[in-house]
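This is coords05.tsv. It holds TSV, C-alpha atoms.
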chain	number	residue	atom	x	y	z
J	1	MET	CA	128.72	23.29	-24.38
J	2	ALA	CA	126.06	22.55	-27.00
J	3	HIS	CA	124.43	19.17	-26.79
J	4	ASP	CA	123.97	18.87	-30.55
J	5	PHE	CA	126.99	19.47	-32.77
J	6	VAL	CA	126.66	22.44	-35.11
J	7	PRO	CA	128.97	22.29	-38.17
J	8	GLY	CA	131.47	25.13	-38.13
J	9	LEU	CA	130.29	26.83	-41.32
J	10	GLU	CA	126.72	26.96	-40.06
J	11	LEU	CA	127.93	28.19	-36.68
J	12	ALA	CA	130.00	30.95	-38.30
J	13	GLU	CA	127.13	32.08	-40.51
J	14	ARG	CA	124.74	32.43	-37.61
J	15	PHE	CA	127.46	33.96	-35.43
J	16	TYR	CA	128.07	36.67	-38.01
J	17	TRP	CA	124.43	37.58	-38.66
J	18	GLU	CA	123.09	37.20	-35.12
J	19	ALA	CA	126.01	38.33	-32.96
J	20	VAL	CA	128.74	40.15	-34.92
J	21	ALA	CA	126.93	42.19	-37.59
J	22	PRO	CA	124.46	43.84	-35.18
J	23	VAL	CA	127.26	45.50	-33.18
J	24	LEU	CA	129.51	46.56	-36.08
J	25	PRO	CA	129.83	50.25	-36.94
J	26	GLN	CA	128.94	51.38	-40.46
J	27	VAL	CA	132.11	50.35	-42.29
J	28	ALA	CA	132.55	48.53	-45.59
J	29	HIS	CA	133.69	44.96	-44.95
J	30	SER	CA	133.64	41.36	-46.05
J	31	ALA	CA	132.88	38.56	-43.62
J	32	ALA	CA	133.83	34.94	-44.19
J	33	LEU	CA	135.12	31.73	-42.72
J	34	ILE	CA	137.98	30.66	-44.96
J	35	GLY	CA	141.61	29.60	-44.45
J	36	GLY	CA	142.73	26.84	-42.10
J	37	GLY	CA	140.38	24.56	-40.21
J	38	SER	CA	138.55	21.33	-40.87
J	39	GLU	CA	135.21	23.17	-40.93
J	40	VAL	CA	136.34	25.22	-43.93
J	41	LEU	CA	136.50	22.00	-45.97
J	42	GLY	CA	133.28	20.73	-44.42
J	43	PHE	CA	134.99	17.85	-42.59
J	44	ASP	CA	134.62	18.95	-38.98
J	45	THR	CA	132.99	16.74	-36.36
J	46	GLU	CA	132.45	16.90	-32.61
J	47	ARG	CA	136.12	15.90	-32.28
J	48	SER	CA	137.14	19.14	-34.01
J	49	THR	CA	135.79	21.24	-31.15
J	50	ASP	CA	138.75	20.49	-28.87
J	51	HIS	CA	141.01	23.15	-30.42
J	52	ASN	CA	141.06	25.98	-32.99
J	53	TRP	CA	137.30	25.62	-33.47
J	54	GLY	CA	134.35	27.61	-32.23
J	55	PRO	CA	132.31	30.73	-33.03
J	56	ARG	CA	134.83	32.39	-35.33
J	57	LEU	CA	135.23	34.13	-38.70
J	58	GLN	CA	137.30	36.72	-40.55
J	59	LEU	CA	136.21	40.34	-40.87
J	60	PHE	CA	138.06	42.03	-43.73
J	61	LEU	CA	138.44	45.80	-44.02
J	62	SER	CA	140.22	48.10	-46.44
J	63	GLY	CA	143.65	49.35	-45.38
J	64	PRO	CA	142.48	52.84	-44.33
J	65	ASP	CA	139.45	51.44	-42.51
J	66	LEU	CA	141.57	48.91	-40.67
J	67	GLU	CA	143.86	51.69	-39.50
J	68	ARG	CA	140.92	53.86	-38.41
J	69	HIS	CA	138.56	51.24	-37.00
J	70	GLY	CA	140.37	47.91	-36.61
J	71	ASP	CA	141.34	48.13	-32.95
J	72	ALA	CA	138.03	49.70	-32.01
J	73	ILE	CA	136.06	46.90	-33.70
J	74	THR	CA	138.16	44.23	-32.01
J	75	GLY	CA	137.58	45.88	-28.65
J	76	LEU	CA	133.89	46.45	-29.30
J	77	LEU	CA	133.38	42.76	-30.07
J	78	ALA	CA	135.27	41.76	-26.94
J	79	GLU	CA	132.89	43.89	-24.89
J	80	GLN	CA	129.57	43.17	-26.59
J	81	LEU	CA	129.67	39.62	-27.93
J	82	PRO	CA	127.68	37.13	-25.85
J	83	ARG	CA	129.76	34.80	-23.71
J	84	THR	CA	128.17	31.81	-25.40
J	85	PHE	CA	126.59	31.32	-28.79
J	86	LEU	CA	124.41	28.30	-29.60
J	87	GLY	CA	125.86	26.78	-26.43
J	88	TYR	CA	129.52	27.28	-27.43
J	89	PRO	CA	131.82	29.67	-25.53
J	90	THR	CA	132.81	32.65	-27.66
J	91	ASN	CA	136.03	32.99	-25.64
J	92	LEU	CA	138.82	31.23	-27.54
J	93	GLN	CA	141.64	31.06	-25.02
J	94	PRO	CA	145.26	30.60	-26.18
J	95	ILE	CA	146.54	27.34	-24.68
J	96	ALA	CA	149.90	26.87	-26.42
J	97	ALA	CA	152.83	28.92	-27.66
J	98	ASP	CA	151.99	28.08	-31.27
J	99	GLY	CA	148.70	30.00	-31.03
J	100	THR	CA	146.44	27.00	-30.50
J	101	ARG	CA	143.16	28.16	-28.95
J	102	GLN	CA	140.39	26.39	-27.10
J	103	MET	CA	136.83	27.36	-26.21
J	104	ARG	CA	136.67	28.20	-22.52
J	105	MET	CA	134.15	30.03	-20.41
J	106	THR	CA	135.33	33.33	-18.95
J	107	SER	CA	133.93	35.95	-16.61
J	108	GLY	CA	136.33	38.56	-17.97
J	109	GLU	CA	136.97	40.00	-21.39
J	110	VAL	CA	136.15	37.70	-24.29
J	111	HIS	CA	139.11	36.65	-26.43
J	112	HIS	CA	136.85	36.22	-29.43
J	113	GLY	CA	137.50	34.36	-32.65
J	114	VAL	CA	136.80	37.26	-35.04
J	115	VAL	CA	139.98	38.07	-36.97
J	116	VAL	CA	139.89	41.70	-38.12
J	117	ALA	CA	142.33	42.12	-41.02
J	118	GLU	CA	143.07	43.97	-44.25
J	119	LEU	CA	142.10	41.69	-47.12
J	120	GLY	CA	145.33	42.02	-49.09
J	121	ASP	CA	147.51	41.38	-46.06
J	122	TRP	CA	145.49	38.29	-45.16
J	123	LEU	CA	145.72	36.92	-48.71
J	124	ARG	CA	149.47	37.50	-48.86
J	125	GLY	CA	149.84	35.77	-45.51
J	126	GLN	CA	147.95	32.71	-46.75
J	127	LEU	CA	149.11	32.55	-50.36
J	128	GLY	CA	152.32	34.55	-50.57
J	129	PHE	CA	150.74	36.89	-53.13
J	130	ASP	CA	147.64	39.03	-53.61
J	131	PRO	CA	145.45	37.55	-56.39
J	132	ARG	CA	143.77	40.89	-56.95
J	133	ALA	CA	146.97	41.99	-58.71
J	134	GLY	CA	146.87	38.90	-60.97
J	135	VAL	CA	148.01	35.31	-60.63
J	136	THR	CA	151.18	34.24	-62.47
J	137	ALA	CA	152.12	30.72	-63.47
J	138	PHE	CA	154.69	30.82	-60.70
J	139	ASP	CA	152.00	31.75	-58.16
J	140	TRP	CA	149.94	28.74	-59.22
J	141	LEU	CA	152.92	26.39	-59.03
J	142	ALA	CA	154.31	27.71	-55.75
J	143	THR	CA	151.04	27.29	-53.82
J	144	PRO	CA	149.95	23.93	-52.34
J	145	THR	CA	146.55	22.61	-53.35
J	146	GLN	CA	145.61	22.53	-49.65
J	147	VAL	CA	146.05	26.31	-49.48
J	148	PHE	CA	143.93	26.89	-52.58
J	149	ALA	CA	141.29	24.61	-51.05
J	150	GLU	CA	141.34	26.71	-47.87
J	151	VAL	CA	140.96	30.04	-49.68
J	152	THR	CA	138.29	28.87	-52.13
J	153	GLY	CA	136.47	26.70	-49.58
J	154	GLY	CA	134.48	27.78	-46.57
J	155	ALA	CA	131.86	30.47	-47.05
J	156	VAL	CA	131.49	34.21	-47.51
J	157	TYR	CA	128.64	35.77	-45.53
J	158	HIS	CA	128.91	39.42	-46.55
J	159	ASP	CA	131.08	40.95	-49.27
J	160	GLU	CA	131.73	44.61	-50.00
J	161	LEU	CA	135.45	44.25	-50.79
J	162	GLY	CA	135.39	41.76	-53.68
J	163	LEU	CA	136.39	38.62	-51.79
J	164	GLU	CA	134.15	36.47	-53.96
J	165	LEU	CA	135.91	37.78	-57.08
J	166	VAL	CA	139.21	36.67	-55.58
J	167	ARG	CA	137.80	33.23	-54.89
J	168	GLU	CA	136.45	32.97	-58.43
J	169	ARG	CA	139.89	33.87	-59.79
J	170	LEU	CA	141.43	31.06	-57.74
J	171	ALA	CA	138.63	28.54	-58.31
J	172	TRP	CA	140.76	26.41	-60.63
J	173	TYR	CA	143.97	26.40	-62.65
J	174	PRO	CA	144.21	27.89	-66.15
J	175	ASP	CA	143.67	25.10	-68.68
J	176	ASP	CA	147.30	24.66	-69.74
J	177	LEU	CA	148.49	24.52	-66.14
J	178	TRP	CA	145.78	21.98	-65.32
J	179	ARG	CA	147.02	19.76	-68.14
J	180	TYR	CA	150.59	20.27	-66.94
J	181	LEU	CA	149.76	19.22	-63.36
J	182	LEU	CA	147.86	16.17	-64.59
J	183	ALA	CA	150.89	15.23	-66.70
J	184	CYS	CA	153.15	15.59	-63.66
J	185	GLN	CA	150.88	13.41	-61.55
J	186	TRP	CA	150.89	10.67	-64.20
J	187	GLN	CA	154.67	11.03	-64.34
J	188	ARG	CA	154.94	10.34	-60.61
J	189	ILE	CA	152.95	7.14	-61.05
J	190	SER	CA	155.06	6.03	-64.01
J	191	GLN	CA	158.24	6.24	-61.96
J	192	GLU	CA	157.15	3.70	-59.32
J	193	GLU	CA	154.45	1.50	-60.84
J	194	ALA	CA	156.88	-1.38	-61.48
J	195	PHE	CA	158.35	-1.30	-57.98
J	196	THR	CA	155.46	-3.01	-56.21
J	197	GLY	CA	156.34	-6.20	-58.05
J	198	ARG	CA	160.09	-5.73	-58.03
J	199	CYS	CA	160.20	-5.30	-54.25
J	200	GLY	CA	157.97	-8.31	-53.78
J	201	GLU	CA	160.01	-10.48	-56.12
J	202	VAL	CA	163.06	-10.17	-53.88
J	203	GLY	CA	161.01	-10.94	-50.79
J	204	ASP	CA	160.55	-7.36	-49.61
J	205	GLU	CA	156.83	-7.36	-48.94
J	206	LEU	CA	157.14	-4.39	-46.59
J	207	GLY	CA	158.85	-2.33	-49.29
J	208	SER	CA	156.25	-3.45	-51.81
J	209	ALA	CA	153.46	-2.33	-49.47
J	210	VAL	CA	155.11	1.07	-48.93
J	211	VAL	CA	155.37	1.60	-52.70
J	212	ALA	CA	151.74	0.55	-53.11
J	213	GLY	CA	150.69	3.08	-50.48
J	214	ARG	CA	152.51	5.84	-52.33
J	215	LEU	CA	150.86	4.82	-55.59
J	216	VAL	CA	147.40	4.74	-54.00
J	217	ARG	CA	147.97	8.26	-52.67
J	218	ASP	CA	149.12	9.47	-56.09
J	219	LEU	CA	146.11	7.88	-57.79
J	220	MET	CA	143.74	9.55	-55.34
J	221	ARG	CA	145.35	12.93	-55.90
J	222	LEU	CA	145.25	12.36	-59.66
J	223	CYS	CA	141.52	11.63	-59.54
J	224	LEU	CA	140.87	14.82	-57.57
J	225	LEU	CA	142.93	16.89	-60.02
J	226	ALA	CA	141.14	15.28	-62.96
J	227	GLN	CA	137.79	16.22	-61.44
J	228	ARG	CA	138.95	19.80	-60.85
J	229	CYS	CA	139.08	19.47	-57.07
J	230	TYR	CA	142.03	20.74	-55.05
J	231	PRO	CA	143.50	17.72	-53.22
J	232	PRO	CA	143.68	18.45	-49.48
J	233	TYR	CA	146.52	17.33	-47.26
J	234	SER	CA	146.75	13.80	-45.89
J	235	LYS	CA	144.25	14.09	-43.04
J	236	TRP	CA	141.38	14.88	-45.42
J	237	LEU	CA	142.57	13.26	-48.64
J	238	GLY	CA	140.40	10.17	-48.21
J	239	SER	CA	137.39	12.23	-47.19
J	240	ALA	CA	137.69	14.43	-50.27
J	241	PHE	CA	138.30	11.43	-52.52
J	242	ALA	CA	135.17	9.73	-51.17
J	243	GLN	CA	133.08	12.60	-52.58
J	244	LEU	CA	134.15	11.85	-56.17
J	245	PRO	CA	131.83	9.71	-58.33
J	246	VAL	CA	134.77	7.46	-59.30
J	247	SER	CA	135.41	6.61	-55.65
J	248	LYS	CA	132.49	4.18	-55.68
J	249	ASP	CA	134.45	1.91	-58.02
J	250	LEU	CA	137.96	2.75	-56.88
J	251	THR	CA	137.69	2.72	-53.10
J	252	PRO	CA	137.22	-1.08	-52.78
J	253	VAL	CA	140.08	-1.68	-55.22
J	254	LEU	CA	142.49	0.71	-53.55
J	255	THR	CA	141.55	-0.63	-50.13
J	256	ALA	CA	142.22	-4.17	-51.34
J	257	ALA	CA	145.62	-3.11	-52.69
J	258	LEU	CA	146.57	-1.70	-49.30
J	259	ALA	CA	145.23	-4.72	-47.42
J	260	ALA	CA	146.97	-7.30	-49.63
J	261	THR	CA	149.59	-9.43	-47.90
J	262	ASN	CA	151.52	-10.44	-51.01
J	263	TRP	CA	152.80	-8.47	-53.94
J	264	ARG	CA	150.90	-10.37	-56.63
J	265	ASP	CA	147.51	-9.49	-55.11
J	266	ARG	CA	148.74	-5.96	-54.46
J	267	GLU	CA	149.81	-5.57	-58.08
J	268	ARG	CA	146.58	-7.08	-59.40
J	269	HIS	CA	144.41	-4.57	-57.52
J	270	LEU	CA	146.63	-1.68	-58.56
J	271	ALA	CA	146.35	-2.77	-62.20
J	272	THR	CA	142.57	-2.58	-61.92
J	273	ALA	CA	142.87	0.88	-60.42
J	274	TYR	CA	145.24	2.04	-63.18
J	275	GLU	CA	142.81	0.94	-65.87
J	276	THR	CA	139.87	2.65	-64.14
J	277	VAL	CA	141.77	5.94	-63.86
J	278	ALA	CA	143.04	5.61	-67.43
J	279	ALA	CA	139.46	5.25	-68.66
J	280	MET	CA	138.53	8.33	-66.65
J	281	HIS	CA	141.33	10.22	-68.38
J	282	ASN	CA	139.98	9.23	-71.79
J	283	ASP	CA	136.53	10.42	-70.78
J	284	LEU	CA	137.95	13.89	-70.12
J	285	GLY	CA	138.80	14.29	-73.81
J	286	LEU	CA	141.97	16.26	-73.09
J	287	THR	CA	144.05	14.07	-75.41
J	288	ASP	CA	143.46	11.49	-78.09
J	289	THR	CA	142.24	8.21	-76.62
J	290	ILE	CA	145.06	6.25	-75.00
J	291	GLU	CA	144.92	2.47	-74.67
J	292	PRO	CA	143.94	1.99	-71.00
J	293	SER	CA	145.00	-1.61	-70.42
J	294	THR	CA	147.99	-2.69	-68.37
J	295	ARG	CA	150.76	-4.87	-69.77
J	296	PRO	CA	154.09	-6.47	-68.70
J	297	TYR	CA	156.94	-4.14	-67.78
J	298	HIS	CA	159.42	-4.74	-70.63
J	299	GLU	CA	160.57	-8.36	-70.23
J	300	ARG	CA	159.82	-8.46	-66.54
J	301	PRO	CA	156.73	-10.13	-65.03
J	302	PHE	CA	155.26	-6.96	-63.52
J	303	GLN	CA	151.95	-5.51	-64.67
J	304	VAL	CA	152.07	-1.77	-65.37
J	305	LEU	CA	150.16	0.88	-67.27
J	306	TYR	CA	153.20	2.73	-68.63
J	307	ALA	CA	151.69	5.86	-67.14
J	308	GLU	CA	154.25	8.07	-68.88
J	309	ARG	CA	152.13	7.67	-72.03
J	310	PHE	CA	149.47	9.81	-70.36
J	311	ALA	CA	152.03	12.31	-69.11
J	312	HIS	CA	153.53	12.78	-72.57
J	313	ALA	CA	150.14	13.07	-74.30
J	314	LEU	CA	148.97	15.69	-71.83
J	315	ARG	CA	152.19	17.64	-72.18
J	316	GLU	CA	151.81	17.69	-75.96
J	317	SER	CA	148.24	18.99	-75.58
J	318	ILE	CA	149.49	22.17	-73.86
J	319	SER	CA	149.26	25.19	-76.14
J	320	ASP	CA	151.49	27.59	-74.18
J	321	ASP	CA	155.13	26.97	-75.11
J	322	ALA	CA	156.39	28.22	-71.75
J	323	VAL	CA	154.16	25.84	-69.80
J	324	ARG	CA	154.88	22.93	-72.14
J	325	GLY	CA	158.59	23.50	-71.58
J	326	LEU	CA	158.43	23.25	-67.79
J	327	PRO	CA	160.11	20.21	-66.21
J	328	LEU	CA	157.60	17.50	-65.32
J	329	VAL	CA	157.91	18.07	-61.59
J	330	GLY	CA	154.65	19.94	-61.06
J	331	ASN	CA	153.56	22.28	-58.31
J	332	VAL	CA	155.19	22.55	-54.92
J	333	ASP	CA	153.26	19.72	-53.29
J	334	GLN	CA	153.97	17.36	-56.17
J	335	PHE	CA	157.72	17.59	-55.61
J	336	LEU	CA	157.94	17.96	-51.82
J	337	ASP	CA	155.85	17.07	-48.81
J	338	ASN	CA	157.57	18.63	-45.81
J	339	THR	CA	154.92	20.29	-43.66
J	340	ASP	CA	157.27	22.97	-42.34
J	341	VAL	CA	157.94	24.06	-45.91
J	342	LEU	CA	154.43	23.77	-47.34
J	343	CYS	CA	152.89	25.72	-44.45
J	344	HIS	CA	155.35	28.61	-44.83
J	345	HIS	CA	154.80	30.64	-47.99
J	346	GLU	CA	158.31	32.11	-48.17
J	347	ARG	CA	159.92	28.67	-47.90
J	348	ARG	CA	157.66	26.99	-50.41
J	349	ARG	CA	158.03	29.85	-52.90
J	350	ALA	CA	161.81	29.61	-52.52
J	351	ALA	CA	161.63	25.87	-53.21
J	352	ALA	CA	159.41	26.40	-56.25
J	353	ARG	CA	161.68	29.15	-57.53
J	354	ALA	CA	164.60	26.72	-57.61
J	355	LEU	CA	162.73	24.55	-60.14
J	356	HIS	CA	160.53	27.06	-61.96
J	357	MET	CA	162.77	30.10	-62.20
J	358	GLY	CA	161.72	32.09	-65.25
J	359	CYS	CA	158.23	30.64	-65.71
J	360	GLY	CA	156.96	34.20	-65.14
J	361	SER	CA	153.37	34.97	-66.01
J	362	ALA	CA	152.88	32.22	-68.60
J	363	GLY	CA	149.47	30.67	-68.10
J	364	GLY	CA	148.50	33.25	-65.47
Spell out the structure here as structure tokens.
Amino acid sequence: MAHDFVPGLELAERFYWEAVAPVLPQVAHSAALIGGGSEVLGFDTERSTDHNWGPRLQLFLSGPDLERHGDAITGLLAEQLPRTFLGYPTNLQPIAADGTRQMRMTSGEVHHGVVVAELGDWLRGQLGFDPRAGVTAFDWLATPTQVFAEVTGGAVYHDELGLELVRERLAWYPDDLWRYLLACQWQRISQEEAFTGRCGEVGDELGSAVVAGRLVRDLMRLCLLAQRCYPPYSKWLGSAFAQLPVSKDLTPVLTAALAATNWRDRERHLATAYETVAAMHNDLGLTDTIEPSTRPYHERPFQVLYAERFAHALRESISDDAVRGLPLVGNVDQFLDNTDVLCHHERRRAAARALHMGCGSAGG
């Protein structure tokens, strides 16, 4: 093994140019490291090397070229790739029934980490649709932000098939859908912002802390959406949030809210966070300025922002009637969080279809 850790994206780039490309036949292709994996988002560390990590990348071919050359290229790489690259084994051995692989030395054929695939098939497998044929409003809403982050993240090392054009098309939501998703995220906050105090008032500090944790998560995701960054799933949410300029001010406040041992302190820190995020919203200029200060919740002694004010203003700013008329539930990972649904494109599209039937191509 290498003594000095090499980040996965750097490893893949050198692996392609120094080991893979020199043995490829003359065939049009795109080479990249995108899709799943902590290295695609730039968050891999030495710990990541214990599974599904190593000298690896995707090699995309056209359909006819895959049929003619795909198996031969896979076999050629197995025969001619070095057994180690920059100190890492190029043999990625399956170690579990779910396809988990681990770098292991071998004296036999190399089970390499180069996926040879047809670009459209790979995109449909990841997204549930092929963006080259267009992206409908339903496609945007039925796809988790984690998946968009995986397809638009990583790096492309060689491109003869238009992969970069696909990534540009998916770089961010159409404007009306962006406003809609921001509105939905504010709506989520509005529905629970009074509960931190209400739980605490009846002596349920544990329940109050759970609500606060949910609100912190929703605020972090809101900040990422506002800054046009796809929020990743829970393992990397904090790491992605830390890269935002606003995190310098918000991280101590959100951390204090989570560390608080009584609901009044918890609520006080959350109120500061609400006002900071509300000011950030006003700076975006998507709506008329909205008063960013918190206030009592009706006649009850709980401090809230009335976040629905931001949701309603954003919804009214949407120009497309079809998008404006959508229920304020958002995209698939704003209304559900089951991993076995979100990681399966047929299931998540079925779930989205139940709520967004008929949204068609509006905003696509």
Hey, what's within 6 Å of J:Val114 if we count all atoms listed in the file and toss same-chain stuff fewer than 2 positions away? As a PDB file with C-alpha atoms, in the frame of the given file, please?
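New file around_32.pdb:
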ATOM      1  CA  ARG J  56     134.830  32.390 -35.330  1.00  0.00           C
ATOM      2  CA  LEU J  57     135.230  34.130 -38.700  1.00  0.00           C
ATOM      3  CA  GLN J  58     137.300  36.720 -40.550  1.00  0.00           C
ATOM      4  CA  HIS J 112     136.850  36.220 -29.430  1.00  0.00           C
TER       5      HIS J 112
END
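Of the residues listed (J:Asp288, J:Asp204, J:Glu118, J:Glu46), J:Asp288 shows the shortest atom-to-atom separation from J:Ser317; distances use all atoms listed in the file.
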Atom CA of J:Met280 to atom CA of J:Pro231: how many Å, to one decimal?
-> 17.1 Å
Across J:Val323, J:Ala149, J:Val210, J:Leu177, the smallest distance to J:Ser38, with all atoms listed in the file counted, is shown by J:Ala149
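For the set J:Ser107, J:Ile290, J:Gly63, J:Ile34, the residue with the smallest atom-to-atom gap to J:Ala78 is J:Ser107, counting all atoms listed in the file.
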Could you check how far atom CA of J:Thr255 sits from atom CA of J:Gly330, in Å to one decimal?
-> 26.7 Å
Which residues are near J:Glu164? Cut-off 12 Å, all atoms listed in the file, ignore same chain within fewer than 2 positions. Put them as a short mmCIF file (atom, residue, chain, number, x, y, z; two decimals) with C-alpha atoms, in the coordinates of the input.
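Dumped to out30.cif:
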data_model
loop_
_atom_site.label_atom_id
_atom_site.label_comp_id
_atom_site.auth_asym_id
_atom_site.auth_seq_id
_atom_site.Cartn_x
_atom_site.Cartn_y
_atom_site.Cartn_z
CA SER J 30 133.64 41.36 -46.05
CA ALA J 31 132.88 38.56 -43.62
CA ALA J 32 133.83 34.94 -44.19
CA ILE J 34 137.98 30.66 -44.96
CA LEU J 119 142.10 41.69 -47.12
CA PRO J 131 145.45 37.55 -56.39
CA ARG J 132 143.77 40.89 -56.95
CA VAL J 151 140.96 30.04 -49.68
CA THR J 152 138.29 28.87 -52.13
CA GLY J 153 136.47 26.70 -49.58
CA GLY J 154 134.48 27.78 -46.57
CA ALA J 155 131.86 30.47 -47.05
CA VAL J 156 131.49 34.21 -47.51
CA TYR J 157 128.64 35.77 -45.53
CA HIS J 158 128.91 39.42 -46.55
CA ASP J 159 131.08 40.95 -49.27
CA GLU J 160 131.73 44.61 -50.00
CA LEU J 161 135.45 44.25 -50.79
CA GLY J 162 135.39 41.76 -53.68
CA VAL J 166 139.21 36.67 -55.58
CA ARG J 167 137.80 33.23 -54.89
CA GLU J 168 136.45 32.97 -58.43
CA ARG J 169 139.89 33.87 -59.79
CA LEU J 170 141.43 31.06 -57.74
CA ALA J 171 138.63 28.54 -58.31
#
Extract, using all atoms listed in the file, all DNA, RNA and protein residues at most 8 Å from J:Ala352, discarding same-chain residues fewer than 5 positions from it, and format them as a count of residues only.
-> 6
Near stretch 15-21 of chain J, counting all atoms listed in the file, which residues have an atom at most 10 Å away, once you skip same-chain residues fewer than 3 positions from it, shown as number ranges by chain?
-> J: 9-12, 24-26, 31-33, 54-59, 76-77, 80-82, 85-86, 90, 114, 157-158
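Atom pair atom CA of J:Leu270 / atom CA of J:Leu328: separated by 23.1 Å.
Distances from J:Leu286, J:Met105, J:Leu244, J:Ala259 to J:Asp175 were compared using only C-alpha atoms, and the smallest one belongs to J:Leu286.
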Got a sec: who's within 8 Å of J:Leu342, counting all atoms listed in the file, leaving out chain neighbours fewer than 3 positions off, as a ChimeraX atom specification?
-> /J:144,332-333,337-339,345,347-348
Expected answer as a ChimeraX atom specification: all residues with atoms within 12 Å of (151.1, 20.3, -73.5), all atoms listed in the file = /J:175-184,286-287,310-328,363
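Comparing J:Glu308, J:Asp71, J:Glu193, J:Asp218 by their smallest distance to J:Arg268, the closest is J:Glu193 (using only C-alpha atoms).
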